[in-house]
$ cat start15.txt   # compact mmCIF, C-alpha atoms
# COMPACT_ATOMS: atom_id res chain seq x y z
CA MET A 14 34.61 5.11 -29.99
CA SER A 15 33.91 3.05 -33.09
CA TRP A 16 30.61 2.86 -34.89
CA THR A 17 30.23 0.20 -37.53
CA GLY A 18 27.67 -0.61 -40.17
CA SER A 19 26.26 1.06 -43.23
CA LEU A 20 24.71 4.46 -43.60
CA ILE A 21 20.95 4.64 -43.90
CA ILE A 22 20.02 6.80 -46.88
CA THR A 23 16.32 6.77 -47.51
CA GLU A 24 14.20 8.20 -50.27
CA ILE A 25 14.10 11.89 -51.08
CA PRO A 26 10.68 13.54 -51.30
CA ILE A 27 9.71 13.80 -54.95
CA SER A 28 9.52 17.58 -54.62
CA CYS A 29 13.24 17.61 -53.79
CA LEU A 30 14.32 15.07 -56.39
CA PHE A 31 16.92 15.82 -59.01
CA ILE A 32 16.77 13.60 -62.07
CA LEU A 33 19.55 13.66 -64.61
CA VAL A 34 18.46 12.15 -67.89
CA THR A 35 21.45 10.65 -69.66
CA GLY A 36 21.41 8.38 -72.67
CA GLY A 37 17.83 7.32 -72.10
CA SER A 38 18.32 6.03 -68.53
CA ARG A 39 17.58 7.93 -65.36
CA TYR A 40 20.26 8.63 -62.80
CA VAL A 41 18.94 9.64 -59.38
CA PRO A 42 21.86 11.17 -57.48
CA GLY A 43 22.21 10.10 -53.89
CA LEU A 44 18.95 8.18 -53.65
CA GLY A 45 19.40 4.88 -51.84
CA ASN A 46 17.39 1.85 -50.85
CA ASP A 47 18.85 0.08 -47.86
CA ASP A 48 17.39 -3.29 -48.74
CA SER A 49 18.56 -3.73 -52.29
CA GLY A 50 21.55 -1.43 -52.60
CA PHE A 51 19.91 0.29 -55.57
CA GLY A 52 17.92 3.46 -55.91
CA ALA A 53 14.24 3.25 -56.68
CA ASP A 54 13.31 5.60 -59.49
CA PRO A 55 9.88 6.93 -58.49
CA PHE A 56 8.97 7.39 -62.14
CA THR A 57 9.82 3.87 -63.29
CA GLY A 58 10.24 1.78 -60.14
CA ALA A 59 13.44 0.39 -61.61
CA GLY A 60 16.87 0.29 -60.02
CA ARG A 61 19.37 2.79 -61.34
CA TYR A 62 23.02 3.58 -60.71
CA ILE A 63 23.17 5.69 -57.57
CA PRO A 64 26.46 7.27 -56.45
CA GLY A 65 27.31 6.07 -52.97
CA SER A 66 24.01 4.29 -52.40
CA SER A 67 23.82 2.11 -49.34
CA SER A 68 24.21 -1.64 -49.37
CA ASN A 69 22.42 -4.26 -47.34
CA GLU A 70 25.23 -4.52 -44.82
CA SER A 71 24.11 -4.55 -41.23
CA ALA A 72 25.74 -3.89 -37.91
CA PRO A 73 27.15 -6.97 -36.18
CA SER A 74 24.75 -8.67 -33.81
CA GLY A 75 24.59 -6.89 -30.48
CA VAL A 76 26.45 -3.82 -31.69
CA ALA A 77 24.64 -0.56 -31.13
CA ASP A 78 25.20 1.65 -34.16
CA PRO A 79 23.78 5.17 -33.86
CA PHE A 80 24.39 5.77 -37.57
CA THR A 81 22.27 2.87 -38.82
CA GLY A 82 19.75 2.13 -36.12
CA LYS A 83 20.19 -1.55 -36.93
CA GLY A 84 20.08 -3.53 -33.73
CA ALA A 85 20.75 -0.33 -31.81
CA TYR A 86 19.35 0.50 -28.38
CA SER A 87 16.83 -2.31 -28.18
CA SER A 88 15.95 -1.69 -24.56
CA ALA A 89 15.83 1.14 -22.06
CA ALA A 90 18.00 -0.89 -19.71
CA GLN A 91 20.78 -0.99 -22.27
CA ARG A 92 20.56 2.75 -22.82
CA GLN A 93 20.82 3.50 -19.13
CA THR A 94 24.11 1.61 -18.83
CA GLN A 95 25.65 3.77 -21.58
CA THR A 96 25.60 7.36 -20.42
CA ASN A 97 26.83 8.81 -23.71
CA VAL A 98 27.53 6.65 -26.75
CA TYR A 99 27.19 9.58 -29.14
CA PHE A 100 30.00 12.05 -28.53
CA PRO A 101 32.76 13.00 -28.59
CA LYS A 102 33.03 11.27 -31.96
CA THR A 103 36.67 11.55 -32.97
CA ASP A 104 37.07 8.90 -35.67
CA GLY A 105 36.01 10.03 -39.10
CA VAL A 106 32.69 9.02 -40.66
CA THR A 107 32.99 7.99 -44.30
CA PHE A 108 30.75 6.99 -47.20
CA GLU A 109 31.82 3.46 -48.07
CA GLN A 110 29.05 1.94 -50.19
CA ALA A 111 29.54 1.25 -53.87
CA ASN A 112 28.28 -0.83 -56.73
CA ALA A 113 31.36 -0.96 -58.95
CA PRO A 114 29.72 -2.68 -61.96
CA GLN A 115 27.00 -0.03 -62.15
CA ILE A 116 29.50 2.81 -61.78
CA ILE A 117 31.55 1.43 -64.67
CA ALA A 118 28.45 0.73 -66.76
CA LYS A 119 27.29 4.34 -66.35
CA LEU A 120 30.79 5.63 -67.11
CA LYS A 121 30.89 3.61 -70.35
CA GLU A 122 27.41 4.79 -71.32
CA LEU A 123 28.32 8.43 -70.81
CA ASN A 124 31.63 8.00 -72.59
CA GLU A 125 29.84 6.69 -75.68
CA GLY A 126 27.76 9.86 -75.88
CA ALA A 127 30.53 12.26 -74.88
CA PRO A 128 31.81 14.89 -77.34
CA GLN A 129 34.72 13.58 -79.37
CA GLU A 130 37.25 15.78 -77.58
CA HIS A 131 36.22 14.27 -74.23
CA LYS A 132 35.95 10.62 -75.20
CA LEU A 133 38.11 8.32 -73.07
CA SER A 134 40.24 5.67 -74.70
CA GLU A 135 39.71 1.98 -73.98
CA GLU A 136 43.02 2.02 -72.14
CA THR A 137 41.83 4.83 -69.87
CA MET A 138 38.55 3.02 -69.19
CA GLU A 139 40.42 -0.15 -68.25
CA SER A 140 42.72 1.84 -65.98
CA LEU A 141 39.78 3.43 -64.13
CA GLU A 142 38.02 0.08 -63.82
CA GLY A 143 41.18 -1.51 -62.40
CA LEU A 144 41.60 1.35 -59.92
CA LEU A 145 38.00 1.04 -58.80
CA GLN A 146 38.41 -2.70 -58.24
CA VAL A 147 41.47 -2.16 -56.05
CA VAL A 148 39.99 0.59 -53.87
CA CYS A 149 36.69 -1.27 -53.37
CA GLU A 150 38.31 -4.43 -52.03
CA ALA A 151 39.95 -3.79 -48.68
CA SER A 152 41.47 -7.27 -48.54
CA SER A 153 42.37 -7.31 -52.20
CA SER A 154 45.53 -9.10 -53.22
CA GLU A 155 45.79 -6.66 -56.11
CA PRO A 156 48.82 -4.35 -56.17
CA PRO A 157 48.16 -0.77 -54.98
CA PRO A 158 47.01 1.84 -57.49
CA THR A 159 49.77 3.09 -59.75
CA ILE A 160 50.77 6.72 -60.14
CA GLN A 161 49.49 6.51 -63.71
CA GLN A 162 46.06 5.30 -62.57
CA ILE A 163 45.82 8.06 -59.98
CA SER A 164 46.91 10.68 -62.52
CA LEU A 165 44.29 9.45 -65.00
CA LEU A 166 41.59 9.62 -62.33
CA TRP A 167 42.56 13.20 -61.52
CA LYS A 168 42.54 14.14 -65.21
CA VAL A 169 39.16 12.53 -65.91
CA SER A 170 37.63 14.16 -62.81
CA HIS A 171 37.70 17.34 -64.93
CA TRP A 172 35.27 15.86 -67.46
CA PRO A 173 32.31 18.14 -68.38
CA GLU A 174 30.14 18.72 -65.31
CA GLU A 175 27.03 17.15 -66.83
CA ILE A 176 28.72 13.74 -67.19
CA VAL A 177 31.46 13.68 -64.55
CA PHE A 178 29.44 12.19 -61.68
CA PRO A 179 30.52 8.52 -62.10
CA VAL A 180 34.15 9.66 -62.08
CA LEU A 181 33.51 11.61 -58.88
CA ASP A 182 32.05 8.44 -57.40
CA ILE A 183 35.30 6.62 -58.19
CA LEU A 184 37.22 9.53 -56.67
CA ARG A 185 35.05 9.35 -53.53
CA LEU A 186 36.00 5.69 -53.07
CA ALA A 187 39.62 6.09 -54.14
CA VAL A 188 40.63 8.75 -51.61
CA ARG A 189 40.11 6.20 -48.83
CA HIS A 190 43.09 4.22 -50.15
CA PRO A 191 46.35 5.29 -48.45
CA GLN A 192 48.25 5.59 -51.75
CA VAL A 193 45.57 7.72 -53.40
CA ASN A 194 45.06 9.78 -50.24
CA GLU A 195 48.76 10.61 -50.14
CA SER A 196 49.02 11.33 -53.87
CA LEU A 197 45.93 13.55 -54.23
CA CYS A 198 45.94 15.17 -50.78
CA GLY A 199 49.68 15.79 -50.42
CA GLU A 200 51.14 19.26 -50.14
CA ALA A 201 51.67 19.77 -53.87
CA GLU A 202 48.35 18.44 -55.21
CA GLY A 203 46.03 18.84 -52.24
CA VAL A 204 45.07 22.47 -52.76
CA GLN A 205 44.23 21.70 -56.40
CA LEU A 206 41.95 18.87 -55.27
CA CYS A 207 40.19 21.15 -52.78
CA ASN A 208 39.72 23.89 -55.33
CA HIS A 209 38.28 21.43 -57.85
CA LEU A 210 35.81 19.98 -55.35
CA LEU A 211 34.85 23.46 -54.14
CA SER A 212 34.10 24.50 -57.72
CA LEU A 213 31.73 21.53 -58.03
CA MET A 214 30.05 22.53 -54.75
CA ARG A 215 29.05 26.02 -55.81
CA PRO A 216 25.35 26.66 -55.03
CA GLU A 217 24.32 26.84 -58.69
CA GLY A 218 26.12 23.58 -59.50
CA ARG A 219 24.62 20.17 -60.22
CA PRO A 220 23.25 18.37 -57.14
CA ALA A 221 24.93 15.05 -58.03
CA ASN A 222 28.30 16.78 -58.22
CA GLN A 223 27.67 18.74 -55.03
CA LEU A 224 26.78 15.53 -53.22
CA LEU A 225 29.77 13.55 -54.44
CA ALA A 226 32.20 16.41 -53.81
CA LEU A 227 30.98 16.61 -50.20
CA ARG A 228 31.27 12.84 -49.79
CA THR A 229 34.76 12.90 -51.27
CA LEU A 230 35.82 15.52 -48.73
CA CYS A 231 34.35 13.38 -45.94
CA ASN A 232 36.31 10.36 -47.17
CA CYS A 233 39.54 12.37 -47.34
CA PHE A 234 39.47 12.31 -43.52
CA SER A 235 40.28 8.59 -43.64
CA GLY A 236 43.96 9.31 -44.33
CA ARG A 237 46.63 11.38 -42.59
CA HIS A 238 47.35 13.51 -45.66
CA GLY A 239 43.66 14.12 -46.27
CA ARG A 240 43.06 15.22 -42.69
CA ALA A 241 46.00 17.60 -42.82
CA LEU A 242 44.77 19.05 -46.12
CA LEU A 243 41.21 19.58 -44.94
CA MET A 244 42.33 21.15 -41.69
CA SER A 245 44.56 23.58 -43.59
CA GLN A 246 41.65 24.54 -45.87
CA ARG A 247 38.97 24.40 -43.16
CA GLU A 248 37.69 27.96 -43.34
CA THR A 249 37.14 27.92 -47.11
CA ILE A 250 35.70 24.40 -47.24
CA LEU A 251 33.21 24.86 -44.41
CA SER A 252 32.12 28.24 -45.74
CA ARG A 253 31.31 26.77 -49.17
CA ALA A 254 29.72 23.65 -47.69
CA ALA A 255 27.47 25.72 -45.43
CA ASP A 256 25.84 27.28 -48.49
CA LEU A 257 24.57 23.84 -49.55
CA ALA A 258 22.17 23.68 -46.60
CA ALA A 259 19.86 25.72 -48.84
CA VAL A 260 19.79 22.97 -51.51
CA CYS A 261 16.64 20.85 -51.27
CA ASN A 262 18.32 17.45 -51.12
CA LYS A 263 18.41 15.34 -47.95
CA ASN A 264 21.51 13.39 -48.98
CA ILE A 265 23.44 16.62 -49.53
CA HIS A 266 22.33 17.62 -46.02
CA ILE A 267 23.57 14.29 -44.58
CA ALA A 268 26.92 14.73 -46.35
CA LEU A 269 27.18 18.34 -45.12
CA ALA A 270 26.43 17.24 -41.55
CA THR A 271 29.03 14.47 -41.83
CA LEU A 272 31.66 16.94 -43.02
CA VAL A 273 30.99 19.21 -40.03
CA LEU A 274 31.11 16.18 -37.74
CA ASN A 275 34.48 15.08 -39.12
CA TYR A 276 35.89 18.55 -38.58
CA ALA A 277 34.53 18.59 -35.04
CA GLY A 278 36.21 15.24 -34.39
CA CYS A 279 39.59 16.47 -35.59
CA LEU A 280 39.29 19.62 -33.50
CA HIS A 281 38.10 17.92 -30.33
CA SER A 282 41.49 17.72 -28.62
CA GLN A 283 42.76 21.02 -30.03
CA PRO A 284 42.45 24.41 -28.27
CA ASP A 285 41.51 26.15 -31.54
CA LEU A 286 38.54 28.28 -30.54
CA GLU A 287 38.29 30.01 -33.92
CA ALA A 288 37.94 26.68 -35.72
CA LYS A 289 35.47 25.36 -33.17
CA ALA A 290 33.49 28.57 -33.50
CA GLN A 291 33.14 27.95 -37.23
CA CYS A 292 31.96 24.37 -36.61
CA LEU A 293 29.36 25.65 -34.16
CA SER A 294 28.27 28.37 -36.55
CA VAL A 295 27.96 26.08 -39.59
CA ALA A 296 26.10 23.42 -37.62
CA SER A 297 23.75 26.01 -36.13
CA ARG A 298 23.11 27.57 -39.54
CA ALA A 299 22.40 24.17 -41.11
CA LEU A 300 19.91 23.28 -38.38
CA GLU A 301 17.84 26.29 -39.43
CA THR A 302 16.91 24.58 -42.71
CA VAL A 303 17.75 20.86 -42.53
CA GLN A 304 14.74 18.60 -41.96
CA ASP A 305 16.13 15.09 -42.36
CA LYS A 306 16.53 13.32 -39.01
CA GLU A 307 19.82 11.63 -39.90
CA ALA A 308 21.36 14.96 -40.91
CA ILE A 309 20.01 16.55 -37.72
CA PHE A 310 21.48 13.71 -35.65
CA ARG A 311 24.93 14.15 -37.17
CA LEU A 312 24.80 17.90 -36.61
CA LEU A 313 23.89 17.27 -32.97
CA VAL A 314 26.84 14.88 -32.63
CA ALA A 315 29.05 17.56 -34.20
CA LEU A 316 27.82 20.10 -31.66
CA GLY A 317 28.33 17.67 -28.80
CA THR A 318 31.82 16.76 -29.98
CA THR A 319 32.76 20.44 -30.28
CA VAL A 320 31.69 21.40 -26.77
CA ALA A 321 32.64 18.17 -24.97
CA SER A 322 35.24 18.83 -22.24
CA ASP A 323 35.84 22.37 -23.54
CA HIS A 324 34.38 25.06 -21.27
CA THR A 325 35.32 27.87 -23.63
CA ALA A 326 33.51 26.18 -26.51
CA GLN A 327 30.53 25.60 -24.23
CA ASP A 328 30.43 29.30 -23.35
CA LEU A 329 30.57 30.15 -27.05
CA ALA A 330 27.74 27.74 -27.85
CA ARG A 331 25.63 29.32 -25.13
CA SER A 332 26.32 32.80 -26.50
CA LEU A 333 25.19 31.60 -29.93
CA GLY A 334 21.91 30.35 -28.46
CA VAL A 335 22.58 26.76 -29.47
CA GLY A 336 20.66 25.37 -26.51
CA SER A 337 17.41 27.12 -27.33
CA GLN A 338 17.85 26.32 -31.01
CA ILE A 339 18.15 22.55 -30.54
CA SER A 340 15.77 22.10 -27.59
CA ARG A 341 12.92 21.16 -29.93
CA TYR A 342 14.76 17.95 -30.82
CA SER A 343 14.94 16.74 -27.21
CA THR A 344 11.54 15.05 -27.47
CA VAL A 345 12.11 13.33 -30.82
CA SER A 346 11.51 9.62 -30.33
CA GLU A 347 11.74 8.41 -33.91
CA PRO A 348 14.55 7.80 -34.27
CA SER A 349 15.29 7.81 -30.56
CA LYS A 350 18.96 8.67 -31.11
CA VAL A 351 17.99 12.24 -32.09
CA GLY A 352 16.20 12.97 -28.83
CA GLU A 353 18.80 11.15 -26.73
CA CYS A 354 21.74 12.93 -28.33
CA CYS A 355 20.02 16.31 -28.08
CA GLN A 356 19.41 15.82 -24.37
CA LEU A 357 23.09 15.04 -23.85
CA VAL A 358 24.16 18.16 -25.76
CA LEU A 359 21.78 20.27 -23.67
CA LYS A 360 23.20 18.66 -20.53
CA ALA A 361 26.73 19.59 -21.64
CA LEU A 362 25.64 23.20 -22.09
CA HIS A 363 24.16 23.56 -18.60
$ encode --input "start15.txt" --output "structure tokens"
Amino acid sequence: MSWTGSLIITEIPISCLFILVTGGSRYVPGLGNDDSGFGADPFTGAGRYIPGSSSNESAPSGVADPFTGKGAYSSAAQRQTQTNVYFPKTDGVTFEQANAPQIIAKLKELNEGAPQEHKLSEETMESLEGLLQVVCEASSSEPPPTIQQISLLWKVSHWPEEIVFPVLDILRLAVRHPQVNESLCGEAEGVQLCNHLLSLMRPEGRPANQLLALRTLCNCFSGRHGRALLMSQRETILSRAADLAAVCNKNIHIALATLVLNYAGCLHSQPDLEAKAQCLSVASRALETVQDKEAIFRLLVALGTTVASDHTAQDLARSLGVGSQISRYSTVSEPSKVGECCQLVLKALH
């Protein structure tokens, strides 16, 4: 099952907004505007660099995309012919959007104000810019990233936490590239990458870093080495990620839900009840606090994918009270995909 199109990431309530003031310009982590590709700063109304903000891409005409809602499910007749377009969802969901010029501009701005011991050389900046260009252009005729470029990215990802977010955005995009995925997620380096991202995801950390670390983990699923790494570190990663449901940031919740969904997809054809139990538990725990409908939808898809065609997992979900927990979403009509998906999960549990 393949779902195309861009991710809808709408505005965060002002009460849940995190503003990082850097060098006189505001950076609003994870806030997107689907029309322009920029974030709207509620205090200035101006566009700002937003890590992973959505672009104005749309789903191809006639394609129903449950993740974007663009052109999806335009009639009841269409819906009736598709009994379940939601789960099992076994191909990974990634965060693809980027505005490379703004990422580089923010990186240069922060580098100018960085402490002397952390300033990046012009050569390093050019290397990162070249890497970003390669990984952002799928059909690029550019040569693949070099080992030196990948090593520099890894080194700079350890910049001070208050200024590292543009580098994490480059990392998020880079791990989708097969060469980078193999280099950073391989057996020797992979555990170091996980530990670094987990340190950025600690509950008292910076929301921009938490968000981008989660999105980087989601994008690691796009490669064989990344999937193997994340499956080997599943228990630790999901445990740390689950704690972020308490953070008041809808985009963190969407990224958390996507991570759970990607794990559920990898586990779908495996008889690993312990792993599926953790997916069910994390999804159920997140649904206790998450309010955003897109995050809720992805958690429902994760639940559906986990229990689909697995009677033991279904029994476990029933014992956890998943059915009664999610039943309130069965009547959600805006967006309709939430109610429809919920009904299908409830059907699978009965």
$ closest_residue --input "start15.txt" --among "A:Arg311, A:Glu287, A:Ser235, A:Arg240" --to "A:Leu269" --atoms "all atoms listed in the file"
A:Arg311
$ atom_distance --input "start15.txt" --atom1 "atom CA of A:Lys360" --atom2 "atom CA of A:Val273"
21.0 Å
$ residues_around --input "start15.txt" --residues "A:Leu230" --least-positions-apart "6" --cutoff "12 Å" --atoms "only C-alpha atoms" --output "ChimeraX atom specification"
/A:105-108,181-182,184-189,194,197-198,203,206-211,213-214,223-224,236,239-244,246-247,250-251,254,268-276
$ residues_around --input "start15.txt" --residues "stretch 332-339 of chain A" --least-positions-apart "4" --cutoff "10 Å" --atoms "only C-alpha atoms" --output "ChimeraX atom specification"
/A:290,293-294,296-297,300-301,309,313,316,326-328,343,352,355-356,358-363
$ residues_near_point --input "start15.txt" --point "(19.3, 21.8, -50.6)" --cutoff "10 Å" --atoms "all atoms listed in the file" --output "number ranges by chain"
A: 29, 216, 220, 223, 256-266, 302-303
$ write_last_selection --input "start15.txt" --atoms "C-alpha atoms" --output "compact mmCIF listing (two decimals), in the coordinates of the input"
# COMPACT_ATOMS: atom_id res chain seq x y z
CA CYS A 29 13.24 17.61 -53.79
CA PRO A 216 25.35 26.66 -55.03
CA PRO A 220 23.25 18.37 -57.14
CA GLN A 223 27.67 18.74 -55.03
CA ASP A 256 25.84 27.28 -48.49
CA LEU A 257 24.57 23.84 -49.55
CA ALA A 258 22.17 23.68 -46.60
CA ALA A 259 19.86 25.72 -48.84
CA VAL A 260 19.79 22.97 -51.51
CA CYS A 261 16.64 20.85 -51.27
CA ASN A 262 18.32 17.45 -51.12
CA LYS A 263 18.41 15.34 -47.95
CA ASN A 264 21.51 13.39 -48.98
CA ILE A 265 23.44 16.62 -49.53
CA HIS A 266 22.33 17.62 -46.02
CA THR A 302 16.91 24.58 -42.71
CA VAL A 303 17.75 20.86 -42.53
$ closest_residue --input "start15.txt" --among "A:Ile267, A:Ala255, A:Pro101, A:Glu122" --to "A:Asp323" --atoms "all atoms listed in the file"
A:Pro101
$ closest_residue --input "start15.txt" --among "A:Trp172, A:Phe178, A:Phe234, A:Trp167" --to "A:Leu144" --atoms "all atoms listed in the file"
A:Trp167
$ closest_residue --input "start15.txt" --among "A:Phe100, A:Glu135, A:Leu165, A:Glu142" --to "A:Ser322" --atoms "all atoms listed in the file"
A:Phe100
$ closest_residue --input "start15.txt" --among "A:Ile160, A:Leu312, A:Val351, A:Ser245" --to "A:Glu200" --atoms "only C-alpha atoms"
A:Ser245
$ closest_residue --input "start15.txt" --among "A:Ser346, A:Asn112, A:Thr319, A:Asn97" --to "A:Pro179" --atoms "only C-alpha atoms"
A:Asn112
$ atom_distance --input "start15.txt" --atom1 "atom CA of A:Gln192" --atom2 "atom CA of A:Gln205"
17.2 Å
$ build_atoms --input "start15.txt" --residues "stretch 159-168 of chain A" --atoms "all heavy atoms" --output "short mmCIF file (atom, residue, chain, number, x, y, z; two decimals), keeping the file's coordinate frame"
data_model
loop_
_atom_site.label_atom_id
_atom_site.label_comp_id
_atom_site.auth_asym_id
_atom_site.auth_seq_id
_atom_site.Cartn_x
_atom_site.Cartn_y
_atom_site.Cartn_z
N THR A 159 48.53 2.52 -59.23
CA THR A 159 49.77 3.09 -59.75
C THR A 159 49.64 4.60 -59.85
O THR A 159 48.52 5.15 -59.85
CB THR A 159 50.07 2.53 -61.14
OG1 THR A 159 49.05 2.96 -62.06
CG2 THR A 159 50.13 1.00 -61.13
N ILE A 160 50.77 5.26 -59.95
CA ILE A 160 50.77 6.72 -60.14
C ILE A 160 50.03 7.08 -61.42
O ILE A 160 49.30 8.08 -61.48
CB ILE A 160 52.21 7.26 -60.18
CG1 ILE A 160 52.90 7.07 -58.81
CG2 ILE A 160 52.22 8.74 -60.55
CD1 ILE A 160 52.22 7.79 -57.66
N GLN A 161 50.17 6.25 -62.44
CA GLN A 161 49.49 6.51 -63.71
C GLN A 161 47.97 6.44 -63.53
O GLN A 161 47.23 7.28 -64.06
CB GLN A 161 49.94 5.52 -64.78
CG GLN A 161 49.30 5.78 -66.15
CD GLN A 161 49.65 4.71 -67.17
OE1 GLN A 161 49.98 3.58 -66.81
NE2 GLN A 161 49.59 5.07 -68.44
N GLN A 162 47.50 5.43 -62.80
CA GLN A 162 46.06 5.30 -62.57
C GLN A 162 45.52 6.50 -61.80
O GLN A 162 44.45 7.04 -62.12
CB GLN A 162 45.77 4.02 -61.79
CG GLN A 162 45.86 2.74 -62.61
CD GLN A 162 45.61 1.51 -61.75
OE1 GLN A 162 46.17 1.38 -60.66
NE2 GLN A 162 44.77 0.60 -62.24
N ILE A 163 46.26 6.92 -60.79
CA ILE A 163 45.82 8.06 -59.98
C ILE A 163 45.82 9.34 -60.81
O ILE A 163 44.89 10.16 -60.71
CB ILE A 163 46.72 8.20 -58.73
CG1 ILE A 163 46.61 6.95 -57.85
CG2 ILE A 163 46.33 9.45 -57.93
CD1 ILE A 163 47.62 6.91 -56.72
N SER A 164 46.83 9.50 -61.66
CA SER A 164 46.91 10.68 -62.52
C SER A 164 45.76 10.71 -63.52
O SER A 164 45.18 11.77 -63.80
CB SER A 164 48.25 10.71 -63.26
OG SER A 164 49.32 10.83 -62.36
N LEU A 165 45.42 9.53 -64.06
CA LEU A 165 44.29 9.45 -65.00
C LEU A 165 42.98 9.80 -64.30
O LEU A 165 42.14 10.51 -64.86
CB LEU A 165 44.21 8.05 -65.61
CG LEU A 165 45.11 7.77 -66.81
CD1 LEU A 165 45.04 6.30 -67.19
CD2 LEU A 165 44.69 8.63 -68.00
N LEU A 166 42.80 9.30 -63.08
CA LEU A 166 41.59 9.62 -62.33
C LEU A 166 41.47 11.12 -62.12
O LEU A 166 40.39 11.71 -62.30
CB LEU A 166 41.61 8.90 -60.98
CG LEU A 166 40.48 9.24 -60.00
CD1 LEU A 166 39.13 8.88 -60.59
CD2 LEU A 166 40.70 8.54 -58.66
N TRP A 167 42.57 11.75 -61.73
CA TRP A 167 42.56 13.20 -61.52
C TRP A 167 42.22 13.94 -62.81
O TRP A 167 41.42 14.88 -62.82
CB TRP A 167 43.92 13.64 -60.99
CG TRP A 167 44.11 15.13 -60.92
CD1 TRP A 167 45.02 15.87 -61.61
CD2 TRP A 167 43.37 16.06 -60.12
NE1 TRP A 167 44.90 17.21 -61.29
CE2 TRP A 167 43.90 17.35 -60.39
CE3 TRP A 167 42.33 15.93 -59.22
CZ2 TRP A 167 43.40 18.49 -59.77
CZ3 TRP A 167 41.82 17.08 -58.61
CH2 TRP A 167 42.36 18.34 -58.88
N LYS A 168 42.80 13.49 -63.92
CA LYS A 168 42.54 14.14 -65.21
C LYS A 168 41.07 14.00 -65.60
O LYS A 168 40.42 14.97 -66.00
CB LYS A 168 43.44 13.53 -66.28
CG LYS A 168 43.24 14.12 -67.66
CD LYS A 168 44.17 13.46 -68.69
CE LYS A 168 43.94 14.03 -70.08
NZ LYS A 168 44.81 13.38 -71.09
#
